[in-house]
Amino acid sequence: MYILLALIGACALGIAAHYMIGGRELRGVAVTPAIATALAAIVYTGSQWAGVGEDSVWLWLASVLGSVLVAALATVAIVAARRRSDAAAKAALGI
């Protein structure tokens, strides 16, 4: 049941990261929290299978903060790709 704490924490921090990263009009509101939550589930489960105990601080840092960091980087990459794509489409249309 502790995995729910990790997932809720990652989702909440993912929501905060969504509002802190620019270019919100170029992505969906649920992209960053969804990436963070999915990664937190994968990292937490993988760490548990690897034998890391629930009382280990590394489990919580990796699953919550690590997943939010990766989600933030993925969001920045998505925004950059969207800006490049939009610029290429505008150039192709002559706008």
# chains A, B, ... in the order shown; residues from 1 in each chain; ligands from 1

call {"tool": "residues_around", "arguments": {"residues": "Val68 (chain A)", "least_positions_apart": "6", "cutoff": "12 Å", "atoms": "only C-alpha atoms", "output": "ChimeraX atom specification"}}
result
/A:6-18,31-41,43,60-62,74-75

call {"tool": "select_by_dssp", "arguments": {"residues": "chain A", "states": "alpha helix (DSSP H)", "output": "MDAnalysis selection string"}}
result
chainID A and resid 2:20 31:49 57:60 67:93

call {"tool": "atom_distance", "arguments": {"atom1": "CA of Trp49 (chain A)", "atom2": "CA of Ala30 (chain A)"}}
result
28.4 Å

call {"tool": "atom_distance", "arguments": {"atom1": "CA of Ala88 (chain A)", "atom2": "CA of Gly23 (chain A)"}}
result
17.3 Å
